[in-house]
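K.L.:
Submitted below is the structure of interest, expressed as structure tokens.
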Amino acid sequence: MTFSPELEARFAKLLEIYPPGRTRSAVVPMLLYAQDEVGHISAELVEEVARRCQVKPLQVDEVVGYYSMLHRKPLGKCHVQVCTNISCLILGAEELYEHASKTLGIGNKEVTPDGQFSLEEVECMGACSWAPAIQLNYDFHHHVTPEKLDQLLAEVRKAH
Amino acid sequence: MLYNEPSPLEVKILTKRFGLANSESLDTYLATDGYKAFLKAVEMTPEQIIEEVKASALRGRGGAGFPTGLKWSFVPRTSPKPKYVIINADESEPGTCKDRLLMENDPHQLIEGILIAGRAVDSHKGYIYIRGEYRYLIEAMDRAIAEAYSRGYLGKNIRGTGFDFDLYTHTGAGAYECGEETALLDSIEGKRGIPRMKPPFPAVVGAWQSPTLLSNVETFSAIPAIIRDGGAAFAALGPAKNGGTRLVCLSGHINKPGVYELPVGFNLLRMIYEVGGGMRNGKKLKAVVPGGSSCPLLKADECDISMDFDSLAKAKSMLGSGGTVVLDEDTCMVKFAQRIMKFYAHESCGWCIPCREGTNWLKKTLDRFHSGAGQKSDIPLIGELSKNMLGRTYCALGDAAAMPTISIVEKFPEDFEAHLNGKPCPYEHSTELAMA
Ligand SMILES: Cc1cc2nc3c(=O)[nH]c(=O)nc-3n(C[C@H](O)[C@H](O)[C@H](O)COP(=O)(O)O)c2cc1C
Ligand code: FES
């Protein structure tokens with residue numbers, strides 16, 4: 001597989017920073033960084049990462065199944081992640097999630113037919129003091145209300 | 001960036017640079033005592049450094065509160081194997097959002113703490129394990145690390161001291177369990193994050209079979225101040241055996257939620273009413289999660305308490321990770337317990353059967369109970385199932401699921417009674433009110 005020069009540079013660094021003979025340590029970071037570029041983890045990508053880290057494809061595959069941020073199917077261009085854990089819950093996160101689901105017309109871990117959005121109910125994202133919180137891809141948004149969510153989604157639609 | 005106004009009641013040691021212009025830059029750091037502690041530490045013997053950390057009464061900020069100096073002394077410094085420093089920046093304990101601020105606003109303070117630790121345990125390589133969701137912090141730490149290398153504060157022969165140290169970031173990819181120290185070690189080795197049997201502890205057999213000093217971001221961030229101003233000064237900020245300050249993450253039904261640096265031992269009611277601006281909408285306090293979702297809850301009448309490790313242990317709870325969640329009278333405790341269990345059931349790695357099965361049974365029982373289909377016999381059953389997980393697992397995730405649950409059924413039986421006989425949840429509209 002071919003990747004951007006930036007990602008190749010990142011891969012090269014990952015193969016250098018762990019102790020000698022420990023390239024397996026690069027598997028998870030490589031998968032996540034690659035997923036960010038190519039969208040999801042295909043069988044081809046599993047083979048590629050295995051080859052580069054000099055491990056068996058199965059050793060890569062079992063990792064994909066464990067980490068919740070690694071996805072075997074493409075997500076939407078904008079992945080909407082709503083935290084419903086305790087601090088967010090008690091400030092209306094379930095209502096916020098329901099609102100997102102209704103507005104986007106999709107359920108948990110689903111993608112809109114046009115591929116623009118996907119939705120996920122997630123665990124605490126480290127924004128509890130500024131709850132309720134969401135992430136749009138990697139961007140944090142704090143003190144989110146249904147109205148604010150509508151605005152954010154409208155901005156994303158415009159930008160796409 | 002800061003996400004809330006500071007409070008005048010704060011004692012700013014670790015957060016003293018927060019809010020300064022370019023607080024994350026090396027220049028700002030150097031202009032405000034930066035790297036002085038490291039230069040002092042290279043003049044000290046490793047034993048002297050460890051004694052100073054012991055004298056500070058610093059206890060681990062990751063949750064368990066283990067004395068940091070003692071942990072450093074466990075690393076076999078003379079072992080011929082390479083030794084590693086690993087920084088736990090997995091920050092996923094529900095209610096906790098402070099390590100984020102330390103990395104975002106003062107990354108060099110963290111780097112300096114790591115260097116001093118490296119010098120004390122004869123390690124020359126460190127890895128910051130950052131949860132995958134914190135991508136912007138991986139970039140921020142990478143920038144700070146690159147700046148430190150370019151100016152000779154990392155790499156070979158740091159500032160002419162003869163001390164070498166390399167530091168790298170390592171991303172997680174979404175797994176609460178990988179915050180547990182031994183699961184983190186498996187994760188950084190490229191595997192699924194499954195806990196290891198202890199002993200041996202990571203200090204002796206850690207990453208890649210080598211001695212490893214593993215601590216939380218806030219723990220390392222406290223080190224420069226301790227070495228610079230002396231352990232005794234840090235210790236004096238808190239009660240005996242509970243040194244220093246803590247970044248308290250106040251959240252929930254209060255007027256001014258936010259992260260505040262307060263002396264260990266600050267009174268919880270004062271946190272809520274003075275630092276946190278009191279309860280929202282004048283509601284009554286019902287309960288507090290003192291230090292992240294793994295801790296037993298305190299009822300309102302237990303909240304006049306000094307927030308230190310020993311006082312909370314005496315109250316049969318824990319100081320935990322600093323995530324203090326405040327609940328008002330309209331909070332349904334069944335719903336709260338249900339959400340906590342949903343989290344642990346989702347995050348259980350599945351290795352130990354009591355945890356894997358127990359959390360799922362409890363989740364199903366609590367789901368059923370909250371929907372109104374619970375039976376009276378479920379109330380003691382929830383407590384019993386939870387107690388069956390205690391101490392029966394490799395890591396503390398099973399305990400973390402059990403402890404808050406036991407406290408909720410025992411302290412709020414009336415909330416459970418109110419859901420019996422198919423009655424709808426009496427609090428159903430409370431969250432809507434909270435949002436208004
Ligand atoms: C399930 C579980 C999750 C944990 N998550 C974290 C975490 O996200 N961050 C952290 O620093 N410690 C976490 N810990 C605690 C670590 O195992 C370990 O005690 C800590 O990182 C040691 O650092 P300290 O001495 O500075 O407290 C977790 C523990 C358990 C059992
Ligand atoms: S509980 Fe939602 S961000 Fe922590």
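How things are named: the first chain in the structure tokens is A, the next is B, and so on; residues count from 1 in each chain; ligands count from 1 in the order shown.
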If we count only C-alpha atoms and set the cut-off at 8 Å, which residues sit around range 140-147 of chain B, ignoring sequence neighbours fewer than 5 positions away in its own chain? Please answer as a ChimeraX atom specification.
P.N.:
/B:24-26,103-104,107-108,111,154,167-169
K.L.:
Residues of the last selection are to be written out with all heavy atoms, as a short mmCIF file (atom, residue, chain, number, x, y, z; two decimals), in the first residue's frame.
P.N.:
```cif
data_model
loop_
_atom_site.label_atom_id
_atom_site.label_comp_id
_atom_site.auth_asym_id
_atom_site.auth_seq_id
_atom_site.Cartn_x
_atom_site.Cartn_y
_atom_site.Cartn_z
N GLU B 24 2.97 26.92 27.04
CA GLU B 24 3.49 25.61 26.63
C GLU B 24 4.90 25.71 26.04
O GLU B 24 5.52 24.69 25.78
CB GLU B 24 2.53 24.96 25.63
CG GLU B 24 2.56 25.49 24.20
CD GLU B 24 2.02 26.91 24.02
OE1 GLU B 24 1.49 27.50 25.01
OE2 GLU B 24 2.14 27.43 22.91
N SER B 25 5.41 26.93 25.85
CA SER B 25 6.69 27.04 25.15
C SER B 25 7.87 26.88 26.10
O SER B 25 7.77 27.17 27.30
CB SER B 25 6.78 28.39 24.43
OG SER B 25 7.06 29.40 25.38
N LEU B 26 8.98 26.48 25.53
CA LEU B 26 10.18 26.30 26.34
C LEU B 26 10.66 27.65 26.91
O LEU B 26 11.13 27.72 28.04
CB LEU B 26 11.27 25.64 25.48
CG LEU B 26 12.61 25.34 26.17
CD1 LEU B 26 12.42 24.47 27.39
CD2 LEU B 26 13.55 24.65 25.19
N MET B 103 -0.67 18.54 30.23
CA MET B 103 0.10 18.36 28.99
C MET B 103 -0.11 19.52 28.03
O MET B 103 0.80 19.93 27.33
CB MET B 103 -0.31 17.04 28.32
CG MET B 103 0.15 15.83 29.13
SD MET B 103 -0.11 14.28 28.24
CE MET B 103 -1.84 14.01 28.56
N GLU B 104 -1.32 20.04 28.03
CA GLU B 104 -1.64 21.11 27.10
C GLU B 104 -0.98 22.43 27.52
O GLU B 104 -0.45 23.16 26.68
CB GLU B 104 -3.17 21.27 27.09
CG GLU B 104 -3.70 22.22 26.07
CD GLU B 104 -5.23 22.13 25.99
OE1 GLU B 104 -5.82 21.18 26.55
OE2 GLU B 104 -5.83 23.01 25.37
N PRO B 107 3.74 21.37 29.14
CA PRO B 107 4.37 20.09 28.80
C PRO B 107 5.81 19.98 29.31
O PRO B 107 6.26 18.87 29.61
CB PRO B 107 4.33 20.07 27.27
CG PRO B 107 4.23 21.50 26.85
CD PRO B 107 3.42 22.17 27.94
N HIS B 108 6.50 21.10 29.43
CA HIS B 108 7.90 21.01 29.87
C HIS B 108 8.02 20.67 31.35
O HIS B 108 9.00 20.05 31.76
CB HIS B 108 8.65 22.30 29.54
CG HIS B 108 8.92 22.42 28.07
ND1 HIS B 108 9.89 21.67 27.44
CD2 HIS B 108 8.31 23.13 27.10
CE1 HIS B 108 9.87 21.94 26.14
NE2 HIS B 108 8.92 22.83 25.91
N ILE B 111 7.99 17.03 31.20
CA ILE B 111 9.26 16.50 30.68
C ILE B 111 10.35 16.60 31.75
O ILE B 111 11.12 15.66 31.97
CB ILE B 111 9.68 17.26 29.39
CG1 ILE B 111 8.66 17.01 28.28
CG2 ILE B 111 11.08 16.82 28.93
CD1 ILE B 111 8.88 17.84 27.01
N LEU B 154 16.73 17.36 25.87
CA LEU B 154 16.52 15.92 25.71
C LEU B 154 17.61 15.45 24.77
O LEU B 154 18.21 16.25 24.05
CB LEU B 154 15.14 15.61 25.10
CG LEU B 154 13.93 15.57 26.04
CD1 LEU B 154 12.64 15.46 25.24
CD2 LEU B 154 14.01 14.42 27.04
N LEU B 167 12.83 10.62 24.85
CA LEU B 167 11.43 10.59 25.25
C LEU B 167 10.54 10.55 24.01
O LEU B 167 10.78 11.28 23.04
CB LEU B 167 11.12 11.84 26.09
CG LEU B 167 9.70 11.97 26.65
CD1 LEU B 167 9.37 10.82 27.59
CD2 LEU B 167 9.53 13.31 27.38
N TYR B 168 9.51 9.69 24.06
CA TYR B 168 8.62 9.52 22.92
C TYR B 168 7.17 9.47 23.38
O TYR B 168 6.89 9.13 24.52
CB TYR B 168 8.92 8.19 22.21
CG TYR B 168 10.37 7.98 21.88
CD1 TYR B 168 11.17 7.13 22.65
CD2 TYR B 168 10.96 8.66 20.81
CE1 TYR B 168 12.51 6.95 22.35
CE2 TYR B 168 12.30 8.48 20.51
CZ TYR B 168 13.07 7.63 21.29
OH TYR B 168 14.40 7.46 21.00
N THR B 169 6.25 9.79 22.46
CA THR B 169 4.84 9.57 22.75
C THR B 169 4.41 8.24 22.12
O THR B 169 4.97 7.81 21.11
CB THR B 169 3.95 10.68 22.15
OG1 THR B 169 4.22 10.81 20.75
CG2 THR B 169 4.20 12.01 22.83
#
```
K.L.:
Within 8 Å of ligand 1, which residues show up when you count only C-alpha atoms and all ligand atoms? List them as a PyMOL selection string, please.
P.N.:
chain B and resi 59-68+71+87-93+176-182+214-220+321+395-398+400
K.L.:
Dump the neighbourhood of ligand 2 as a JSON list (two decimals) with C-alpha atoms, in the first residue's frame: all residues within 6 Å, distances computed on only C-alpha atoms and all ligand atoms.
P.N.:
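Full text of result-v8.json as output:
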```json
[["chain", "number", "residue", "atom", "x", "y", "z"],
["A", 83, "CYS", "CA", -20.13, 10.92, 25.76],
["A", 84, "THR", "CA", -22.91, 9.62, 27.98],
["A", 85, "ASN", "CA", -20.77, 8.69, 30.96],
["A", 86, "ILE", "CA", -21.55, 9.95, 34.46],
["A", 87, "SER", "CA", -20.62, 13.64, 34.40],
["A", 88, "CYS", "CA", -22.20, 14.09, 30.99],
["A", 124, "CYS", "CA", -15.75, 9.37, 29.24],
["A", 125, "MET", "CA", -13.54, 11.44, 26.94],
["A", 126, "GLY", "CA", -11.80, 13.49, 29.63],
["A", 127, "ALA", "CA", -13.99, 16.58, 29.44],
["A", 128, "CYS", "CA", -16.15, 15.93, 32.52],
["A", 131, "ALA", "CA", -19.90, 18.47, 30.24],
["A", 133, "ALA", "CA", -18.98, 16.89, 25.78],
["B", 94, "PRO", "CA", -14.92, 8.68, 34.32],
["B", 95, "GLY", "CA", -14.95, 12.09, 35.99]]
```
K.L.:
Please report as a VMD selection string which residues of chain B come no farther than 7 Å from chain A, using only C-alpha atoms.
P.N.:
chain B and resid 91 to 92 94 to 97 133 135 170 to 171 173 to 175 188 to 192 249 to 252 257 to 259 325 339 343 431 to 432 434 to 435
K.L.:
Okay, now the selection with N, CA, C and O atoms, as a short mmCIF file (atom, residue, chain, number, x, y, z; two decimals), in the first residue's frame?
P.N.:
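Written file, result00.cif:
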```
data_model
loop_
_atom_site.label_atom_id
_atom_site.label_comp_id
_atom_site.auth_asym_id
_atom_site.auth_seq_id
_atom_site.Cartn_x
_atom_site.Cartn_y
_atom_site.Cartn_z
N GLU B 91 -5.68 8.63 31.01
CA GLU B 91 -6.81 9.39 31.56
C GLU B 91 -8.18 8.96 31.06
O GLU B 91 -8.78 9.62 30.23
N SER B 92 -8.68 7.85 31.58
CA SER B 92 -10.02 7.45 31.15
C SER B 92 -10.96 7.12 32.30
O SER B 92 -12.05 6.61 32.06
N PRO B 94 -13.82 7.71 34.46
CA PRO B 94 -14.92 8.68 34.32
C PRO B 94 -14.92 9.72 35.44
O PRO B 94 -14.83 9.39 36.62
N GLY B 95 -14.99 10.97 35.05
CA GLY B 95 -14.95 12.09 35.99
C GLY B 95 -13.61 12.81 35.99
O GLY B 95 -13.47 13.85 36.63
N THR B 96 -12.62 12.28 35.27
CA THR B 96 -11.25 12.80 35.37
C THR B 96 -10.81 13.52 34.09
O THR B 96 -10.88 12.94 33.00
N CYS B 97 -10.33 14.74 34.22
CA CYS B 97 -9.97 15.52 33.03
C CYS B 97 -8.86 16.53 33.36
O CYS B 97 -8.96 17.69 33.04
N GLU B 133 -7.88 9.16 21.96
CA GLU B 133 -8.82 10.26 21.77
C GLU B 133 -8.14 11.61 21.93
O GLU B 133 -8.61 12.62 21.44
N ARG B 135 -5.72 13.05 20.51
CA ARG B 135 -4.78 13.21 19.42
C ARG B 135 -4.07 14.58 19.46
O ARG B 135 -2.88 14.69 19.25
N HIS B 170 3.42 7.62 22.73
CA HIS B 170 2.86 6.37 22.20
C HIS B 170 1.34 6.50 22.31
O HIS B 170 0.83 6.78 23.40
N THR B 171 0.62 6.30 21.22
CA THR B 171 -0.83 6.47 21.28
C THR B 171 -1.55 5.18 21.64
O THR B 171 -1.20 4.09 21.17
N ALA B 173 -5.56 3.40 21.70
CA ALA B 173 -6.55 3.41 20.61
C ALA B 173 -7.94 3.09 21.15
O ALA B 173 -8.74 2.44 20.49
N GLY B 174 -8.21 3.56 22.39
CA GLY B 174 -9.55 3.38 22.95
C GLY B 174 -9.67 2.12 23.75
O GLY B 174 -10.02 1.07 23.23
N ALA B 175 -9.33 2.18 25.05
CA ALA B 175 -9.52 1.05 25.96
C ALA B 175 -9.21 1.54 27.37
O ALA B 175 -8.07 1.85 27.67
N ILE B 188 1.56 -1.39 25.25
CA ILE B 188 2.71 -0.71 24.63
C ILE B 188 3.62 -1.73 23.93
O ILE B 188 4.40 -1.38 23.05
N GLU B 189 3.45 -3.00 24.29
CA GLU B 189 4.21 -4.04 23.57
C GLU B 189 3.49 -4.47 22.29
O GLU B 189 3.93 -5.38 21.59
N GLY B 190 2.35 -3.83 22.00
CA GLY B 190 1.65 -4.10 20.75
C GLY B 190 0.58 -5.16 20.83
O GLY B 190 0.12 -5.68 19.82
N LYS B 191 0.18 -5.48 22.08
CA LYS B 191 -0.81 -6.55 22.25
C LYS B 191 -2.14 -5.99 22.71
O LYS B 191 -2.26 -4.79 22.97
N ARG B 192 -3.12 -6.87 22.87
CA ARG B 192 -4.36 -6.48 23.53
C ARG B 192 -4.01 -6.13 24.97
O ARG B 192 -3.13 -6.75 25.55
N CYS B 249 -11.00 17.68 39.68
CA CYS B 249 -11.89 17.88 38.53
C CYS B 249 -13.32 17.90 39.07
O CYS B 249 -13.89 16.84 39.32
N LEU B 250 -13.85 19.09 39.27
CA LEU B 250 -15.22 19.20 39.79
C LEU B 250 -16.19 19.17 38.61
O LEU B 250 -16.04 19.93 37.66
N SER B 251 -17.17 18.29 38.72
CA SER B 251 -18.17 18.23 37.65
C SER B 251 -19.54 17.93 38.25
O SER B 251 -19.65 17.64 39.44
N GLY B 252 -20.56 18.00 37.41
CA GLY B 252 -21.90 17.67 37.87
C GLY B 252 -22.75 18.90 38.15
O GLY B 252 -22.56 19.95 37.54
N PRO B 257 -18.40 24.24 37.57
CA PRO B 257 -17.57 23.05 37.39
C PRO B 257 -16.24 23.48 36.77
O PRO B 257 -16.16 24.52 36.11
N GLY B 258 -15.20 22.70 37.02
CA GLY B 258 -13.90 23.05 36.44
C GLY B 258 -12.79 22.27 37.13
O GLY B 258 -13.04 21.51 38.07
N VAL B 259 -11.58 22.46 36.64
CA VAL B 259 -10.42 21.81 37.24
C VAL B 259 -9.70 22.85 38.09
O VAL B 259 -9.36 23.93 37.60
N VAL B 325 -17.51 14.18 41.30
CA VAL B 325 -18.77 14.40 40.58
C VAL B 325 -19.87 14.65 41.61
O VAL B 325 -20.12 13.81 42.49
N ARG B 339 -25.55 3.27 34.63
CA ARG B 339 -24.59 3.83 33.67
C ARG B 339 -23.16 3.46 34.04
O ARG B 339 -22.33 3.18 33.17
N PHE B 343 -20.59 1.04 31.70
CA PHE B 343 -19.19 1.37 31.38
C PHE B 343 -18.25 0.21 31.68
O PHE B 343 -17.48 -0.23 30.82
N THR B 431 -33.11 15.18 34.25
CA THR B 431 -32.01 15.69 33.44
C THR B 431 -32.46 16.85 32.57
O THR B 431 -31.71 17.76 32.31
N GLU B 432 -33.71 16.79 32.11
CA GLU B 432 -34.20 17.91 31.32
C GLU B 432 -34.18 19.18 32.15
O GLU B 432 -33.79 20.24 31.68
N ALA B 434 -32.21 19.76 34.59
CA ALA B 434 -30.82 20.15 34.80
C ALA B 434 -30.30 20.95 33.63
O ALA B 434 -29.46 21.83 33.78
N MET B 435 -30.81 20.66 32.45
CA MET B 435 -30.30 21.36 31.26
C MET B 435 -30.93 22.74 31.10
O MET B 435 -30.39 23.59 30.42
#
```
K.L.:
So that I can see what lies close to Val334 in chain B, please list as a ChimeraX atom specification the residues with an atom at most 7 Å from it, counting only C-alpha atoms and leaving out residues fewer than 4 positions away in the same chain.
P.N.:
/B:338,370,415-416
K.L.:
When you draw a straight line from CA of Leu136 in chain A to CA of Phe18 in chain B, how long is it in Å?
P.N.:
25.9 Å
K.L.:
Name the closest residue to Ala154 in chain A among the candidates A:Val49, A:Leu104, A:Met1, A:Ala9; distances are taken between atoms, counting only C-alpha atoms.
P.N.:
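Residue with the minimum atom-to-atom distance to Ala154 in chain A: A:Leu104.
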K.L.:
Going by DSSP on the backbone, which residues of range 72-157 of chain A come out as helix (DSSP H, G or I)? List them as an mmCIF file with N, CA and C atoms, in the first residue's frame.
P.N.:
```
data_model
loop_
_atom_site.group_PDB
_atom_site.id
_atom_site.type_symbol
_atom_site.label_atom_id
_atom_site.label_comp_id
_atom_site.auth_asym_id
_atom_site.auth_seq_id
_atom_site.Cartn_x
_atom_site.Cartn_y
_atom_site.Cartn_z
ATOM 1 N N ILE A 86 -20.859 9.346 33.307
ATOM 2 C CA ILE A 86 -21.551 9.952 34.461
ATOM 3 C C ILE A 86 -21.654 11.476 34.472
ATOM 4 N N SER A 87 -20.550 12.179 34.285
ATOM 5 C CA SER A 87 -20.618 13.636 34.404
ATOM 6 C C SER A 87 -21.474 14.230 33.291
ATOM 7 N N CYS A 88 -21.396 13.627 32.118
ATOM 8 C CA CYS A 88 -22.199 14.093 30.991
ATOM 9 C C CYS A 88 -23.649 13.653 31.165
ATOM 10 N N LEU A 89 -23.832 12.401 31.597
ATOM 11 C CA LEU A 89 -25.177 11.847 31.805
ATOM 12 C C LEU A 89 -26.043 12.781 32.640
ATOM 13 N N ALA A 93 -26.747 14.255 28.730
ATOM 14 C CA ALA A 93 -26.074 13.655 27.574
ATOM 15 C C ALA A 93 -26.948 12.655 26.825
ATOM 16 N N GLU A 94 -27.843 11.972 27.536
ATOM 17 C CA GLU A 94 -28.676 10.992 26.811
ATOM 18 C C GLU A 94 -29.632 11.703 25.879
ATOM 19 N N GLU A 95 -30.172 12.829 26.346
ATOM 20 C CA GLU A 95 -31.058 13.625 25.497
ATOM 21 C C GLU A 95 -30.267 14.153 24.290
ATOM 22 N N LEU A 96 -29.029 14.543 24.556
ATOM 23 C CA LEU A 96 -28.174 15.040 23.482
ATOM 24 C C LEU A 96 -27.913 13.950 22.447
ATOM 25 N N TYR A 97 -27.635 12.751 22.943
ATOM 26 C CA TYR A 97 -27.396 11.633 22.038
ATOM 27 C C TYR A 97 -28.649 11.331 21.204
ATOM 28 N N GLU A 98 -29.803 11.303 21.882
ATOM 29 C CA GLU A 98 -31.070 11.049 21.168
ATOM 30 C C GLU A 98 -31.286 12.096 20.079
ATOM 31 N N HIS A 99 -30.978 13.331 20.439
ATOM 32 C CA HIS A 99 -31.138 14.429 19.478
ATOM 33 C C HIS A 99 -30.230 14.204 18.253
ATOM 34 N N ALA A 100 -28.984 13.823 18.519
ATOM 35 C CA ALA A 100 -28.037 13.579 17.427
ATOM 36 C C ALA A 100 -28.537 12.442 16.545
ATOM 37 N N SER A 101 -29.030 11.397 17.186
ATOM 38 C CA SER A 101 -29.497 10.228 16.458
ATOM 39 C C SER A 101 -30.681 10.583 15.561
ATOM 40 N N LYS A 102 -31.620 11.360 16.125
ATOM 41 C CA LYS A 102 -32.801 11.750 15.369
ATOM 42 C C LYS A 102 -32.414 12.679 14.212
ATOM 43 N N THR A 103 -31.566 13.655 14.511
ATOM 44 C CA THR A 103 -31.177 14.632 13.487
ATOM 45 C C THR A 103 -30.437 13.966 12.333
ATOM 46 N N LEU A 104 -29.540 13.038 12.669
ATOM 47 C CA LEU A 104 -28.747 12.395 11.621
ATOM 48 C C LEU A 104 -29.498 11.218 10.989
ATOM 49 N N CYS A 128 -15.041 16.009 31.557
ATOM 50 C CA CYS A 128 -16.145 15.932 32.516
ATOM 51 C C CYS A 128 -16.495 17.270 33.156
ATOM 52 N N SER A 129 -15.497 18.103 33.402
ATOM 53 C CA SER A 129 -15.761 19.386 34.050
ATOM 54 C C SER A 129 -16.393 20.388 33.092
ATOM 55 N N TRP A 130 -16.478 20.029 31.813
ATOM 56 C CA TRP A 130 -17.061 20.929 30.819
ATOM 57 C C TRP A 130 -18.156 20.178 30.065
ATOM 58 N N PRO A 146 -28.423 20.627 22.559
ATOM 59 C CA PRO A 146 -28.947 20.218 21.247
ATOM 60 C C PRO A 146 -28.820 21.341 20.215
ATOM 61 N N GLU A 147 -29.065 22.572 20.635
ATOM 62 C CA GLU A 147 -28.978 23.702 19.688
ATOM 63 C C GLU A 147 -27.547 23.871 19.191
ATOM 64 N N LYS A 148 -26.597 23.774 20.128
ATOM 65 C CA LYS A 148 -25.200 23.929 19.742
ATOM 66 C C LYS A 148 -24.781 22.791 18.795
ATOM 67 N N LEU A 149 -25.308 21.614 19.064
ATOM 68 C CA LEU A 149 -24.989 20.475 18.196
ATOM 69 C C LEU A 149 -25.490 20.735 16.776
ATOM 70 N N ASP A 150 -26.742 21.251 16.676
ATOM 71 C CA ASP A 150 -27.285 21.570 15.348
ATOM 72 C C ASP A 150 -26.367 22.532 14.605
ATOM 73 N N GLN A 151 -25.909 23.541 15.334
ATOM 74 C CA GLN A 151 -25.015 24.535 14.720
ATOM 75 C C GLN A 151 -23.720 23.881 14.227
ATOM 76 N N LEU A 152 -23.138 23.061 15.101
ATOM 77 C CA LEU A 152 -21.876 22.397 14.744
ATOM 78 C C LEU A 152 -22.054 21.523 13.513
ATOM 79 N N LEU A 153 -23.163 20.772 13.478
ATOM 80 C CA LEU A 153 -23.395 19.888 12.334
ATOM 81 C C LEU A 153 -23.622 20.697 11.056
ATOM 82 N N ALA A 154 -24.298 21.829 11.185
ATOM 83 C CA ALA A 154 -24.516 22.690 10.013
ATOM 84 C C ALA A 154 -23.179 23.201 9.479
ATOM 85 N N GLU A 155 -22.284 23.571 10.391
ATOM 86 C CA GLU A 155 -20.956 24.038 9.955
ATOM 87 C C GLU A 155 -20.203 22.935 9.221
ATOM 88 N N VAL A 156 -20.300 21.724 9.742
ATOM 89 C CA VAL A 156 -19.613 20.601 9.094
ATOM 90 C C VAL A 156 -20.179 20.388 7.697
ATOM 91 N N ARG A 157 -21.518 20.427 7.578
ATOM 92 C CA ARG A 157 -22.167 20.222 6.267
ATOM 93 C C ARG A 157 -21.680 21.248 5.271
#
```
K.L.:
Fewer than 2 positions away in the same chain doesn't count, so skip those; otherwise give me all residues within 10 Å of Pro8 in chain B, counting only C-alpha atoms, as a ChimeraX atom specification.
P.N.:
/B:5-6,10-12,260,274-275
K.L.:
Running DSSP on the backbone, which parts of range 129-362 of chain B land in strand (DSSP E), as a PyMOL selection string?
P.N.:
chain B and resi 129-130+166-171+212-216+245-252+258-263+285-289+298-299+323-328
K.L.:
Do you know which residues are at most 12 Å from Lys316 in chain B counting only C-alpha atoms, after dropping those on the same chain fewer than 5 positions away, and could you put them as a PyMOL selection string?
P.N.:
chain B and resi 290+295-299+302+309-311+403-404+406-407
K.L.:
Fewer than 2 positions away in the same chain doesn't count, so skip those; otherwise give me all residues within 12 Å of Lys363 in chain B, counting only C-alpha atoms, as JSON, numbers by chain.
P.N.:
{"B": [334, 335, 336, 337, 338, 339, 340, 341, 342, 343, 344, 345, 346, 355, 356, 357, 358, 359, 360, 361, 365, 366, 367, 368, 369, 370, 382, 385, 386, 401, 402, 405]}
K.L.:
From the options B:Leu390, B:Ala117, B:Ile128, B:Ala55, which residue's atoms come nearest to Phe234 in chain B, counting only C-alpha atoms?
P.N.:
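Closest to Phe234 in chain B, using only C-alpha atoms: B:Ala55.
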K.L.:
Find the spatial neighbours of Leu58 in chain B, counting only C-alpha atoms, within a cut-off of 12 Å - ignore same-chain residues fewer than 5 positions away - and output them as an MDAnalysis selection string.
P.N.:
chainID B and resid 50:53 65:72 215:216 218:223 225:227 230:246 263:264 308:309
K.L.:
I need the chosen residues saved as a CSV table (one decimal), in the first residue's frame, with C-alpha atoms.
P.N.:
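File produced: selection31.csv:
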```csv
chain,number,residue,atom,x,y,z
B,50,ILE,CA,14.5,9.6,46.1
B,51,GLU,CA,14.8,10.8,49.7
B,52,GLU,CA,13.5,14.2,48.6
B,53,VAL,CA,10.5,12.6,46.9
B,65,GLY,CA,-2.3,6.8,45.9
B,66,PHE,CA,0.9,4.7,46.3
B,67,PRO,CA,3.8,6.7,47.9
B,68,THR,CA,5.8,7.9,44.9
B,69,GLY,CA,9.3,8.0,46.6
B,70,LEU,CA,8.8,4.4,47.7
B,71,LYS,CA,7.9,3.3,44.2
B,72,TRP,CA,11.1,4.9,42.9
B,215,SER,CA,3.2,6.8,37.1
B,216,ASN,CA,0.5,9.2,36.2
B,218,GLU,CA,0.2,14.6,37.5
B,219,THR,CA,2.6,12.6,39.6
B,220,PHE,CA,5.5,13.4,37.3
B,221,SER,CA,4.4,17.0,36.9
B,222,ALA,CA,4.8,17.5,40.7
B,223,ILE,CA,8.4,16.4,40.7
B,225,ALA,CA,8.5,21.7,42.3
B,226,ILE,CA,9.5,19.1,44.9
B,227,ILE,CA,13.1,19.0,43.8
B,230,GLY,CA,12.3,20.8,48.7
B,231,GLY,CA,10.1,17.8,49.6
B,232,ALA,CA,9.2,19.3,53.0
B,233,ALA,CA,7.6,22.4,51.5
B,234,PHE,CA,5.4,20.2,49.3
B,235,ALA,CA,4.5,17.9,52.2
B,236,ALA,CA,3.5,20.9,54.3
B,237,LEU,CA,0.7,21.8,51.9
B,238,GLY,CA,-1.3,18.8,52.9
B,239,PRO,CA,-2.0,16.7,56.0
B,240,ALA,CA,0.5,14.1,57.2
B,241,LYS,CA,1.4,11.5,54.6
B,242,ASN,CA,-0.6,13.3,52.0
B,243,GLY,CA,1.7,15.9,50.5
B,244,GLY,CA,1.0,18.7,48.1
B,245,THR,CA,-1.9,19.8,46.0
B,246,ARG,CA,-4.1,18.0,43.6
B,263,PRO,CA,-4.2,21.4,48.7
B,264,VAL,CA,-4.7,17.7,49.5
B,308,ASP,CA,-7.0,13.2,51.5
B,309,PHE,CA,-6.2,9.5,51.0
```
